[in-house]
>>> print(open('model.cif').read())   # mmCIF, C-alpha atoms
data_structure
loop_
_atom_site.label_atom_id
_atom_site.label_comp_id
_atom_site.auth_asym_id
_atom_site.auth_seq_id
_atom_site.Cartn_x
_atom_site.Cartn_y
_atom_site.Cartn_z
CA MET A 85 -23.79 2.99 2.54
CA LYS A 86 -23.54 2.44 -1.21
CA MET A 87 -25.60 -0.24 -2.91
CA VAL A 88 -23.34 -3.10 -3.92
CA VAL A 89 -24.19 -4.13 -7.47
CA ARG A 90 -21.18 -6.34 -8.13
CA THR A 91 -18.90 -8.44 -5.96
CA VAL A 92 -15.29 -9.09 -6.86
CA ASP A 93 -13.64 -11.29 -4.25
CA LEU A 94 -9.84 -11.00 -4.23
CA ARG A 95 -9.32 -11.97 -0.57
CA SER A 96 -7.72 -15.28 -1.50
CA ASP A 97 -7.67 -18.06 -4.08
CA THR A 98 -9.44 -20.16 -1.43
CA VAL A 99 -12.77 -18.34 -1.97
CA THR A 100 -13.69 -20.03 -5.27
CA LYS A 101 -17.01 -21.84 -5.57
CA PRO A 102 -17.14 -25.39 -6.97
CA THR A 103 -17.95 -25.36 -10.69
CA GLU A 104 -20.93 -27.26 -12.12
CA ALA A 105 -18.58 -29.96 -13.38
CA MET A 106 -17.16 -30.35 -9.86
CA ARG A 107 -20.64 -30.60 -8.33
CA ASN A 108 -21.63 -33.23 -10.91
CA ALA A 109 -18.47 -35.20 -10.20
CA MET A 110 -19.23 -35.02 -6.46
CA ALA A 111 -22.81 -36.20 -7.00
CA ASN A 112 -21.72 -39.17 -9.09
CA ALA A 113 -18.54 -40.13 -7.22
CA GLU A 114 -17.85 -43.78 -6.62
CA VAL A 115 -17.17 -44.08 -2.87
CA ASP A 116 -16.33 -46.48 -0.06
CA ASP A 117 -14.82 -46.26 3.43
CA ASP A 118 -11.44 -44.55 3.13
CA VAL A 119 -10.37 -45.14 6.74
CA LEU A 120 -10.56 -48.83 5.90
CA GLY A 121 -8.68 -48.00 2.70
CA TYR A 122 -11.36 -48.81 0.13
CA ASP A 123 -12.49 -45.51 -1.42
CA PRO A 124 -11.72 -45.92 -5.15
CA THR A 125 -11.95 -42.21 -6.03
CA ALA A 126 -9.57 -41.28 -3.20
CA GLN A 127 -7.14 -43.96 -4.35
CA ARG A 128 -7.28 -42.64 -7.90
CA LEU A 129 -6.64 -39.03 -6.85
CA GLU A 130 -3.80 -40.01 -4.49
CA ALA A 131 -2.12 -42.11 -7.19
CA GLU A 132 -2.50 -39.36 -9.80
CA MET A 133 -1.07 -36.67 -7.49
CA ALA A 134 1.87 -38.94 -6.60
CA ARG A 135 2.49 -39.53 -10.33
CA ILE A 136 2.36 -35.80 -11.19
CA MET A 137 4.73 -34.96 -8.31
CA GLY A 138 7.13 -37.80 -9.15
CA LYS A 139 6.70 -39.56 -5.79
CA GLU A 140 5.68 -43.11 -4.85
CA ALA A 141 2.45 -42.50 -2.95
CA GLY A 142 -0.07 -39.89 -1.86
CA LEU A 143 -2.50 -39.24 1.00
CA PHE A 144 -5.60 -37.01 0.87
CA VAL A 145 -5.90 -34.73 3.91
CA PRO A 146 -8.59 -32.17 4.85
CA SER A 147 -6.28 -29.13 4.76
CA GLY A 148 -2.83 -27.84 3.92
CA THR A 149 -2.21 -27.14 7.60
CA MET A 150 -2.85 -30.80 8.42
CA GLY A 151 -0.72 -31.85 5.44
CA ASN A 152 2.25 -29.86 6.71
CA LEU A 153 1.70 -30.97 10.31
CA ILE A 154 1.53 -34.65 9.35
CA SER A 155 4.66 -34.31 7.20
CA VAL A 156 6.68 -32.58 9.93
CA LEU A 157 5.58 -35.04 12.61
CA THR A 158 6.26 -38.05 10.37
CA HIS A 159 9.83 -36.82 9.82
CA CYS A 160 10.27 -35.84 13.49
CA GLN A 161 8.94 -38.75 15.50
CA ILE A 162 11.15 -38.00 18.50
CA ARG A 163 10.03 -35.12 20.70
CA GLY A 164 12.58 -32.34 20.91
CA SER A 165 13.41 -32.58 17.21
CA GLU A 166 14.18 -29.27 15.54
CA ILE A 167 13.24 -28.10 12.05
CA ILE A 168 14.74 -25.27 10.01
CA LEU A 169 12.22 -23.05 8.22
CA GLY A 170 11.76 -19.51 6.98
CA ASP A 171 10.78 -16.77 9.43
CA TYR A 172 8.05 -15.77 6.94
CA SER A 173 6.92 -19.31 6.17
CA HIS A 174 3.26 -20.30 6.41
CA ILE A 175 4.09 -23.23 8.72
CA HIS A 176 5.79 -20.86 11.15
CA ILE A 177 3.31 -17.96 11.11
CA TYR A 178 -0.14 -19.22 10.14
CA GLU A 179 -0.50 -22.80 11.36
CA ASN A 180 -1.16 -22.25 15.06
CA GLY A 181 2.31 -23.43 16.06
CA GLY A 182 0.92 -26.95 15.66
CA ILE A 183 4.34 -28.57 15.21
CA SER A 184 5.21 -27.48 18.78
CA THR A 185 1.75 -27.77 20.34
CA LEU A 186 1.05 -31.26 19.06
CA GLY A 187 4.42 -32.68 18.09
CA GLY A 188 6.96 -31.25 20.52
CA VAL A 189 8.92 -30.03 17.49
CA HIS A 190 11.08 -26.94 17.90
CA PRO A 191 11.19 -24.38 15.03
CA ARG A 192 14.53 -22.77 14.14
CA THR A 193 13.88 -19.88 11.82
CA VAL A 194 16.14 -18.54 9.11
CA LYS A 195 15.47 -15.16 7.50
CA ASN A 196 13.44 -15.32 4.30
CA ASN A 197 14.84 -13.06 1.60
CA GLU A 198 12.44 -10.95 -0.44
CA ASP A 199 12.44 -13.59 -3.19
CA GLY A 200 11.30 -16.29 -0.71
CA THR A 201 14.67 -18.06 -0.48
CA MET A 202 16.79 -18.54 2.62
CA ASP A 203 20.56 -18.11 2.22
CA LEU A 204 22.21 -21.52 2.02
CA ASP A 205 25.00 -20.55 4.42
CA LEU A 206 22.40 -19.42 6.97
CA ILE A 207 20.55 -22.74 6.65
CA GLU A 208 23.82 -24.60 7.14
CA ALA A 209 24.74 -22.43 10.15
CA ALA A 210 21.34 -23.24 11.72
CA ILE A 211 21.98 -27.01 11.68
CA ARG A 212 22.83 -28.10 15.23
CA ASP A 213 26.14 -29.78 16.00
CA PRO A 214 25.17 -33.32 17.15
CA SER A 215 28.30 -33.54 19.33
CA PHE A 216 26.71 -30.97 21.66
CA GLU A 217 23.35 -32.75 22.00
CA ILE A 218 23.69 -32.47 25.79
CA CYS A 219 22.32 -28.94 25.23
CA TYR A 220 21.03 -28.72 21.64
CA PRO A 221 17.84 -30.10 20.13
CA THR A 222 18.45 -32.42 17.15
CA THR A 223 17.97 -30.96 13.66
CA ARG A 224 15.96 -33.40 11.56
CA LEU A 225 14.21 -31.46 8.81
CA ILE A 226 14.39 -28.42 6.51
CA CYS A 227 11.14 -26.89 5.20
CA LEU A 228 10.71 -24.78 2.08
CA GLU A 229 7.55 -23.13 0.71
CA ASN A 230 6.89 -22.82 -3.04
CA SER A 231 5.50 -20.42 -4.03
CA GLN A 232 6.31 -18.34 -0.94
CA ALA A 233 3.01 -16.63 -0.05
CA HIS A 234 4.31 -14.07 2.44
CA SER A 235 6.90 -12.87 -0.08
CA GLY A 236 4.08 -12.17 -2.54
CA GLY A 237 3.89 -15.53 -4.32
CA ARG A 238 7.59 -15.65 -5.32
CA CYS A 239 8.85 -18.90 -6.85
CA LEU A 240 11.77 -21.04 -5.75
CA SER A 241 13.75 -22.44 -8.68
CA ALA A 242 14.51 -26.14 -9.10
CA GLU A 243 18.24 -25.29 -8.87
CA TYR A 244 17.82 -23.55 -5.50
CA THR A 245 15.68 -26.40 -4.14
CA ASP A 246 18.27 -28.93 -5.33
CA LYS A 247 20.99 -27.08 -3.40
CA VAL A 248 18.89 -27.15 -0.22
CA GLY A 249 18.30 -30.87 -0.87
CA GLU A 250 22.06 -31.47 -1.20
CA LEU A 251 22.61 -29.62 2.08
CA ALA A 252 19.96 -31.78 3.79
CA LYS A 253 21.58 -34.99 2.49
CA LYS A 254 25.06 -33.85 3.57
CA TYR A 255 23.83 -33.64 7.17
CA GLY A 256 21.42 -36.60 7.07
CA LEU A 257 18.32 -34.38 7.21
CA LYS A 258 15.00 -34.62 5.36
CA LEU A 259 13.48 -31.92 3.12
CA HIS A 260 9.76 -31.05 3.15
CA ILE A 261 8.15 -28.65 0.69
CA ASP A 262 4.96 -26.80 1.56
CA GLY A 263 3.59 -26.78 -1.98
CA ALA A 264 0.35 -24.93 -1.22
CA ARG A 265 0.78 -23.12 -4.55
CA ILE A 266 3.35 -25.40 -6.21
CA PHE A 267 1.32 -25.49 -9.45
CA ASN A 268 1.45 -21.68 -9.62
CA ALA A 269 5.23 -21.85 -9.21
CA SER A 270 5.46 -24.55 -11.90
CA VAL A 271 3.44 -22.51 -14.42
CA ALA A 272 5.30 -19.26 -13.66
CA LEU A 273 8.74 -20.88 -13.98
CA GLY A 274 7.79 -23.10 -16.91
CA VAL A 275 9.17 -26.11 -15.02
CA PRO A 276 7.16 -29.31 -14.38
CA VAL A 277 6.11 -29.78 -10.75
CA HIS A 278 7.94 -33.09 -10.35
CA ARG A 279 11.19 -31.31 -11.22
CA LEU A 280 10.54 -28.53 -8.68
CA VAL A 281 10.10 -31.09 -5.87
CA GLN A 282 12.63 -33.69 -7.04
CA ALA A 283 14.91 -33.05 -4.03
CA ALA A 284 12.06 -33.24 -1.48
CA ASP A 285 11.29 -36.23 0.73
CA SER A 286 7.72 -35.01 1.14
CA VAL A 287 5.43 -32.39 -0.35
CA SER A 288 2.07 -31.05 0.79
CA VAL A 289 0.03 -29.98 -2.26
CA CYS A 290 -3.10 -27.86 -1.86
CA LEU A 291 -6.07 -28.54 -4.12
CA SER A 292 -8.34 -25.74 -2.85
CA LYS A 293 -6.22 -22.71 -3.79
CA GLY A 294 -5.31 -22.01 -7.45
CA LEU A 295 -6.87 -25.29 -8.60
CA GLY A 296 -10.20 -24.25 -7.11
CA ALA A 297 -11.34 -27.50 -5.46
CA PRO A 298 -13.65 -26.93 -2.48
CA VAL A 299 -11.59 -28.93 0.05
CA GLY A 300 -8.33 -30.69 0.60
CA SER A 301 -4.63 -31.25 0.07
CA VAL A 302 -2.57 -34.30 -0.84
CA VAL A 303 0.70 -35.22 0.88
CA VAL A 304 3.14 -37.13 -1.33
CA GLY A 305 6.31 -39.06 -0.55
CA SER A 306 7.72 -42.58 -0.39
CA LYS A 307 5.43 -45.54 0.34
CA SER A 308 6.89 -45.99 3.83
CA PHE A 309 6.50 -42.25 4.56
CA ILE A 310 2.84 -42.26 3.46
CA ALA A 311 2.11 -45.43 5.49
CA ARG A 312 3.31 -43.60 8.65
CA ALA A 313 1.55 -40.39 7.60
CA LYS A 314 -1.75 -42.28 7.28
CA ILE A 315 -1.60 -43.30 10.94
CA LEU A 316 -0.91 -39.69 11.98
CA ARG A 317 -3.82 -38.48 9.85
CA LYS A 318 -6.09 -40.74 11.91
CA THR A 319 -4.54 -39.50 15.17
CA LEU A 320 -5.20 -35.88 14.20
CA GLY A 321 -8.85 -36.56 13.29
CA GLY A 322 -8.29 -36.40 9.54
CA GLY A 323 -9.40 -39.95 8.74
CA MET A 324 -12.69 -39.53 6.87
CA ARG A 325 -15.06 -42.08 5.41
CA GLN A 326 -16.60 -41.57 1.92
CA ILE A 327 -14.07 -38.92 0.87
CA GLY A 328 -14.45 -39.84 -2.78
CA VAL A 329 -17.10 -37.09 -2.82
CA LEU A 330 -14.37 -34.51 -2.11
CA CYS A 331 -11.67 -36.22 -4.15
CA ALA A 332 -13.94 -36.25 -7.23
CA ALA A 333 -14.18 -32.44 -7.08
CA ALA A 334 -10.39 -32.20 -6.72
CA PHE A 335 -9.88 -34.51 -9.70
CA THR A 336 -12.11 -32.28 -11.83
CA ALA A 337 -10.28 -29.18 -10.56
CA LEU A 338 -7.00 -30.70 -11.67
CA GLN A 339 -8.37 -31.32 -15.17
CA GLU A 340 -10.25 -28.00 -15.51
CA ASN A 341 -8.13 -25.37 -13.82
CA LEU A 342 -4.45 -26.22 -14.21
CA VAL A 343 -4.58 -24.60 -17.65
CA LYS A 344 -6.12 -21.43 -16.18
CA LEU A 345 -3.25 -20.58 -13.81
CA GLU A 346 -1.32 -18.78 -16.53
CA GLY A 347 -4.31 -16.48 -17.04
CA ASP A 348 -4.47 -15.80 -13.30
CA HIS A 349 -0.82 -14.72 -13.36
CA ARG A 350 -1.37 -12.50 -16.40
CA LYS A 351 -4.32 -10.78 -14.69
CA ALA A 352 -2.28 -10.33 -11.49
CA LYS A 353 0.38 -8.51 -13.52
CA ILE A 354 -2.26 -6.28 -15.15
CA LEU A 355 -3.71 -5.49 -11.71
CA ALA A 356 -0.25 -4.73 -10.28
CA ALA A 357 0.64 -2.37 -13.13
CA GLU A 358 -2.69 -0.52 -12.90
CA LEU A 359 -2.58 -0.20 -9.09
CA ASN A 360 0.91 1.22 -9.35
CA LYS A 361 -0.46 4.10 -11.47
CA ILE A 362 -2.90 5.18 -8.75
CA LYS A 363 -1.71 8.15 -6.70
CA GLY A 364 -1.17 7.01 -3.12
CA LEU A 365 -0.48 3.35 -3.91
CA LYS A 366 2.73 1.50 -4.70
CA VAL A 367 3.29 -1.99 -6.09
CA ASP A 368 6.68 -3.47 -6.87
CA VAL A 369 5.50 -4.81 -10.22
CA ALA A 370 8.69 -6.80 -10.89
CA THR A 371 8.02 -9.01 -7.85
CA VAL A 372 4.59 -10.17 -9.08
CA GLU A 373 5.41 -13.65 -10.37
CA THR A 374 2.22 -15.60 -9.74
CA ASN A 375 -1.33 -14.76 -8.57
CA ILE A 376 -0.61 -12.65 -5.45
CA VAL A 377 -0.26 -8.87 -5.45
CA TYR A 378 0.91 -6.91 -2.40
CA CYS A 379 0.12 -3.22 -2.50
CA ASP A 380 1.57 -0.57 -0.21
CA ILE A 381 -0.44 2.48 0.80
CA LEU A 382 1.82 5.54 0.81
CA LYS A 383 1.90 7.48 4.08
CA GLY A 384 0.60 10.69 2.48
CA SER A 385 -2.61 8.91 1.41
CA ARG A 386 -4.16 9.48 4.85
CA ILE A 387 -5.97 6.15 4.86
CA SER A 388 -5.09 3.00 6.82
CA GLU A 389 -5.24 -0.50 5.41
CA THR A 390 -8.34 -1.32 7.49
CA GLU A 391 -10.14 1.85 6.35
CA LEU A 392 -9.30 1.08 2.73
CA VAL A 393 -10.59 -2.50 3.05
CA LYS A 394 -13.85 -1.18 4.60
CA THR A 395 -14.31 1.46 1.88
CA LEU A 396 -13.72 -1.05 -0.92
CA GLU A 397 -16.22 -3.44 0.64
CA GLN A 398 -18.91 -0.81 0.02
CA TYR A 399 -18.11 -1.05 -3.71
CA GLY A 400 -18.26 -4.86 -3.56
CA LEU A 401 -14.50 -5.33 -3.79
CA LEU A 402 -13.21 -7.71 -1.13
CA ILE A 403 -9.51 -7.77 -0.20
CA LEU A 404 -7.46 -8.47 2.94
CA PRO A 405 -5.19 -6.21 4.99
CA GLU A 406 -1.62 -7.53 5.15
CA GLY A 407 -0.06 -5.47 7.92
CA PRO A 408 0.47 -1.74 8.44
CA LEU A 409 -0.32 0.24 5.25
CA ARG A 410 -0.36 -2.91 3.13
CA VAL A 411 -3.15 -4.85 1.41
CA ARG A 412 -3.24 -8.11 -0.54
CA PHE A 413 -5.04 -9.14 -3.72
CA VAL A 414 -5.18 -12.76 -4.87
CA LEU A 415 -6.32 -13.79 -8.35
CA HIS A 416 -8.10 -17.06 -9.17
CA HIS A 417 -9.97 -18.72 -12.03
CA GLN A 418 -13.30 -17.06 -11.20
CA ILE A 419 -11.91 -13.55 -11.68
CA SER A 420 -12.23 -12.11 -15.19
CA GLU A 421 -10.19 -9.33 -16.77
CA SER A 422 -13.28 -7.15 -16.46
CA ASP A 423 -13.27 -7.87 -12.68
CA VAL A 424 -9.65 -6.70 -12.56
CA HIS A 425 -10.54 -3.41 -14.24
CA TYR A 426 -13.52 -3.01 -11.90
CA ALA A 427 -11.18 -3.54 -8.91
CA VAL A 428 -8.86 -0.83 -10.23
CA SER A 429 -11.74 1.61 -10.67
CA CYS A 430 -12.90 0.91 -7.08
CA LEU A 431 -9.43 1.76 -5.77
CA GLN A 432 -9.27 4.91 -7.88
CA ARG A 433 -12.61 6.04 -6.42
CA ALA A 434 -11.62 5.12 -2.86
CA LEU A 435 -8.33 7.03 -3.01
CA ALA A 436 -9.91 10.00 -4.81
CA GLY A 437 -12.61 10.14 -2.11
CA VAL A 438 -9.99 10.33 0.64
CA ALA A 439 -8.13 13.10 -1.22
CA GLU A 440 -11.38 15.08 -1.56
CA GLU A 441 -12.18 14.72 2.14
CA ASN A 442 -8.76 16.12 2.93
CA GLY A 443 -9.22 19.01 0.52
CA ASP A 444 -6.50 17.79 -1.83
CA LYS A 445 -6.82 18.50 -5.51
#
>>> encode(input="model.cif", output="structure tokens")
Amino acid sequence: MKMVVRTVDLRSDTVTKPTEAMRNAMANAEVDDDVLGYDPTAQRLEAEMARIMGKEAGLFVPSGTMGNLISVLTHCQIRGSEIILGDYSHIHIYENGGISTLGGVHPRTVKNNEDGTMDLDLIEAAIRDPSFEICYPTTRLICLENSQAHSGGRCLSAEYTDKVGELAKKYGLKLHIDGARIFNASVALGVPVHRLVQAADSVSVCLSKGLGAPVGSVVVGSKSFIARAKILRKTLGGGMRQIGVLCAAAFTALQENLVKLEGDHRKAKILAAELNKIKGLKVDVATVETNIVYCDILKGSRISETELVKTLEQYGLLILPEGPLRVRFVLHHQISESDVHYAVSCLQRALAGVAEENGDK
């Protein structure tokens, strides 16, 4: 076992530690009982997030998973409702099937393209014909994800989202956006967030990913939507008391780290280009738009993704496997350019070590 002298954590942008400014804000936060609706710091954060996203109201929730669940269930109050979403979407794959387990909502998946979009004609074809409701569930909602994590942090344009919104309106459906990394998409596209979500009836916005807050997401939408969502938050166990302590950290994150996202994206592109030069690895550099880098291990490398992750851990480089012969790197504000170069050198050593073991020159 090698002695780890340095740790570079690229497992996710959720691993960041609260900054000193965040901890100070938490310590000095003005608080009250938020279940009763009186926490001033929570109110301030919710109002600010609603303003930034161009919606009427906001609601702080403990996690993005709860934010998405509350949004889906608020739109689909009748059991047996169906929602259309991407087959690679986070809601469908990584949220415990909560929409079905807890809400009786049926998912209808449409293939996600490599750029994170779903073809508009496929979305339209997935909408159930109400005249055959004797057999069909009722389509009530379309869900998009921006940026699309499973596609490698690809961004959905405002124009594409608008078209999905028009389709939803044509059939009397609602549109929800899982905006876990919506700020990353906004920075990468150079389009303000409110414009990216203009067509959406609701958006779940994560504060603990690229922004680096320790906890939480905010759901935004109309006042009547948020009033219903607030009741569901309580039902799901997400009503918390003096949450100003958490909201204060998120407020600071918003002020401190929004400006750093561009740097995260730049470093992700540097990492992608350097990884692609290493014999045995392949990165589609053109697809790296935000802070996520997917890297394929070529078959001839004679190392699996789990073995590679284990080897890199010994050098203090932490990453996650992302399926057969694939690993994932995620950049965040606590990763320097020097960390990126260190990560590259760790991968060079790991791959060179495997080649030596196999007697390759």
>>> closest_residue(input="model.cif", among="A:Ile419, A:Ile261, A:Val329, A:Ala370", to="Gly305 (chain A)", atoms="all atoms listed in the file")
A:Ile261
>>> resolve_selection(input="model.cif", expression="the PyMOL selection byres ((chain A and resi 325) around 7)", output="JSON, numbers by chain")
{"A": [117, 118, 119, 323, 324, 326, 327]}
>>> atom_distance(input="model.cif", atom1="CA of Arg350 (chain A)", atom2="CA of Val367 (chain A)")
15.4 Å
>>> resolve_selection(input="model.cif", expression="the PyMOL selection byres ((chain A and resi 134-137) around 10)", output="NGL selection string")
:A and (128-133 or 138-143 or 266 or 276-282 or 286-287 or 289 or 302-306)
>>> resolve_selection(input="model.cif", expression="the PyMOL selection byres ((chain A and resi 272) around 10)", output="list in words")
Ser231, Arg238, Cys239, Ile266, Phe267, Asn268, Ala269, Ser270, Val271, Leu273, Gly274, Val275, Leu345, Glu346, His349, Arg350, Glu373, Thr374 and Asn375 of chain A
>>> residues_around(input="model.cif", residues="region 200-205 of chain A", least_positions_apart="2", cutoff="12 Å", atoms="all atoms listed in the file", output="PDB file with C-alpha atoms, in the frame of the given file")
ATOM      1  CA  ILE A 168      14.740 -25.270  10.010  1.00  0.00           C
ATOM      2  CA  LEU A 169      12.220 -23.050   8.220  1.00  0.00           C
ATOM      3  CA  GLY A 170      11.760 -19.510   6.980  1.00  0.00           C
ATOM      4  CA  ASP A 171      10.780 -16.770   9.430  1.00  0.00           C
ATOM      5  CA  TYR A 172       8.050 -15.770   6.940  1.00  0.00           C
ATOM      6  CA  SER A 173       6.920 -19.310   6.170  1.00  0.00           C
ATOM      7  CA  HIS A 174       3.260 -20.300   6.410  1.00  0.00           C
ATOM      8  CA  THR A 193      13.880 -19.880  11.820  1.00  0.00           C
ATOM      9  CA  VAL A 194      16.140 -18.540   9.110  1.00  0.00           C
ATOM     10  CA  LYS A 195      15.470 -15.160   7.500  1.00  0.00           C
ATOM     11  CA  ASN A 196      13.440 -15.320   4.300  1.00  0.00           C
ATOM     12  CA  ASN A 197      14.840 -13.060   1.600  1.00  0.00           C
ATOM     13  CA  GLU A 198      12.440 -10.950  -0.440  1.00  0.00           C
ATOM     14  CA  ILE A 207      20.550 -22.740   6.650  1.00  0.00           C
ATOM     15  CA  GLU A 208      23.820 -24.600   7.140  1.00  0.00           C
ATOM     16  CA  ALA A 209      24.740 -22.430  10.150  1.00  0.00           C
ATOM     17  CA  ALA A 210      21.340 -23.240  11.720  1.00  0.00           C
ATOM     18  CA  ILE A 211      21.980 -27.010  11.680  1.00  0.00           C
ATOM     19  CA  ILE A 226      14.390 -28.420   6.510  1.00  0.00           C
ATOM     20  CA  CYS A 227      11.140 -26.890   5.200  1.00  0.00           C
ATOM     21  CA  LEU A 228      10.710 -24.780   2.080  1.00  0.00           C
ATOM     22  CA  GLU A 229       7.550 -23.130   0.710  1.00  0.00           C
ATOM     23  CA  ASN A 230       6.890 -22.820  -3.040  1.00  0.00           C
ATOM     24  CA  SER A 231       5.500 -20.420  -4.030  1.00  0.00           C
ATOM     25  CA  GLN A 232       6.310 -18.340  -0.940  1.00  0.00           C
ATOM     26  CA  ALA A 233       3.010 -16.630  -0.050  1.00  0.00           C
ATOM     27  CA  HIS A 234       4.310 -14.070   2.440  1.00  0.00           C
ATOM     28  CA  SER A 235       6.900 -12.870  -0.080  1.00  0.00           C
ATOM     29  CA  GLY A 236       4.080 -12.170  -2.540  1.00  0.00           C
ATOM     30  CA  GLY A 237       3.890 -15.530  -4.320  1.00  0.00           C
ATOM     31  CA  ARG A 238       7.590 -15.650  -5.320  1.00  0.00           C
ATOM     32  CA  CYS A 239       8.850 -18.900  -6.850  1.00  0.00           C
ATOM     33  CA  LEU A 240      11.770 -21.040  -5.750  1.00  0.00           C
ATOM     34  CA  SER A 241      13.750 -22.440  -8.680  1.00  0.00           C
ATOM     35  CA  ALA A 242      14.510 -26.140  -9.100  1.00  0.00           C
ATOM     36  CA  GLU A 243      18.240 -25.290  -8.870  1.00  0.00           C
ATOM     37  CA  TYR A 244      17.820 -23.550  -5.500  1.00  0.00           C
ATOM     38  CA  THR A 245      15.680 -26.400  -4.140  1.00  0.00           C
ATOM     39  CA  ASP A 246      18.270 -28.930  -5.330  1.00  0.00           C
ATOM     40  CA  LYS A 247      20.990 -27.080  -3.400  1.00  0.00           C
ATOM     41  CA  VAL A 248      18.890 -27.150  -0.220  1.00  0.00           C
ATOM     42  CA  GLY A 249      18.300 -30.870  -0.870  1.00  0.00           C
ATOM     43  CA  GLU A 250      22.060 -31.470  -1.200  1.00  0.00           C
ATOM     44  CA  LEU A 251      22.610 -29.620   2.080  1.00  0.00           C
ATOM     45  CA  ALA A 252      19.960 -31.780   3.790  1.00  0.00           C
ATOM     46  CA  ALA A 269       5.230 -21.850  -9.210  1.00  0.00           C
ATOM     47  CA  THR A 371       8.020  -9.010  -7.850  1.00  0.00           C
ATOM     48  CA  GLU A 373       5.410 -13.650 -10.370  1.00  0.00           C
TER      49      GLU A 373
END
>>> atom_distance(input="model.cif", atom1="CA of Leu409 (chain A)", atom2="CA of Cys290 (chain A)")
29.1 Å
>>> atom_distance(input="model.cif", atom1="CA of Gly296 (chain A)", atom2="CA of Ser422 (chain A)")
19.7 Å
>>> residues_around(input="model.cif", residues="region 382-394 of chain A", least_positions_apart="2", cutoff="6 Å", atoms="only C-alpha atoms", output="CSV table (one decimal) with C-alpha atoms, in the coordinates of the input")
chain,number,residue,atom,x,y,z
A,364,GLY,CA,-1.2,7.0,-3.1
A,365,LEU,CA,-0.5,3.4,-3.9
A,396,LEU,CA,-13.7,-1.0,-0.9
A,397,GLU,CA,-16.2,-3.4,0.6
A,405,PRO,CA,-5.2,-6.2,5.0
A,409,LEU,CA,-0.3,0.2,5.2
A,410,ARG,CA,-0.4,-2.9,3.1
>>> residues_around(input="model.cif", residues="Val89 (chain A)", least_positions_apart="6", cutoff="12 Å", atoms="all atoms listed in the file", output="tab-separated table (two decimals) with C-alpha atoms, in the frame of the given file")
chain	number	residue	atom	x	y	z
A	397	GLU	CA	-16.22	-3.44	0.64
A	398	GLN	CA	-18.91	-0.81	0.02
A	399	TYR	CA	-18.11	-1.05	-3.71
A	400	GLY	CA	-18.26	-4.86	-3.56
A	401	LEU	CA	-14.50	-5.33	-3.79
A	426	TYR	CA	-13.52	-3.01	-11.90
>>> residues_around(input="model.cif", residues="Glu358 (chain A)", least_positions_apart="2", cutoff="12 Å", atoms="only C-alpha atoms", output="ChimeraX atom specification")
/A:351-356,360-363,365-369,377,379,424-432
>>> residues_around(input="model.cif", residues="region 180-183 of chain A", least_positions_apart="2", cutoff="10 Å", atoms="only C-alpha atoms", output="number ranges by chain")
A: 149-150, 152-157, 160, 166-167, 174-178, 185-191
>>> closest_residue(input="model.cif", among="A:Leu225, A:Pro408, A:Gln418, A:Gly328", to="Pro124 (chain A)", atoms="all atoms listed in the file")
A:Gly328
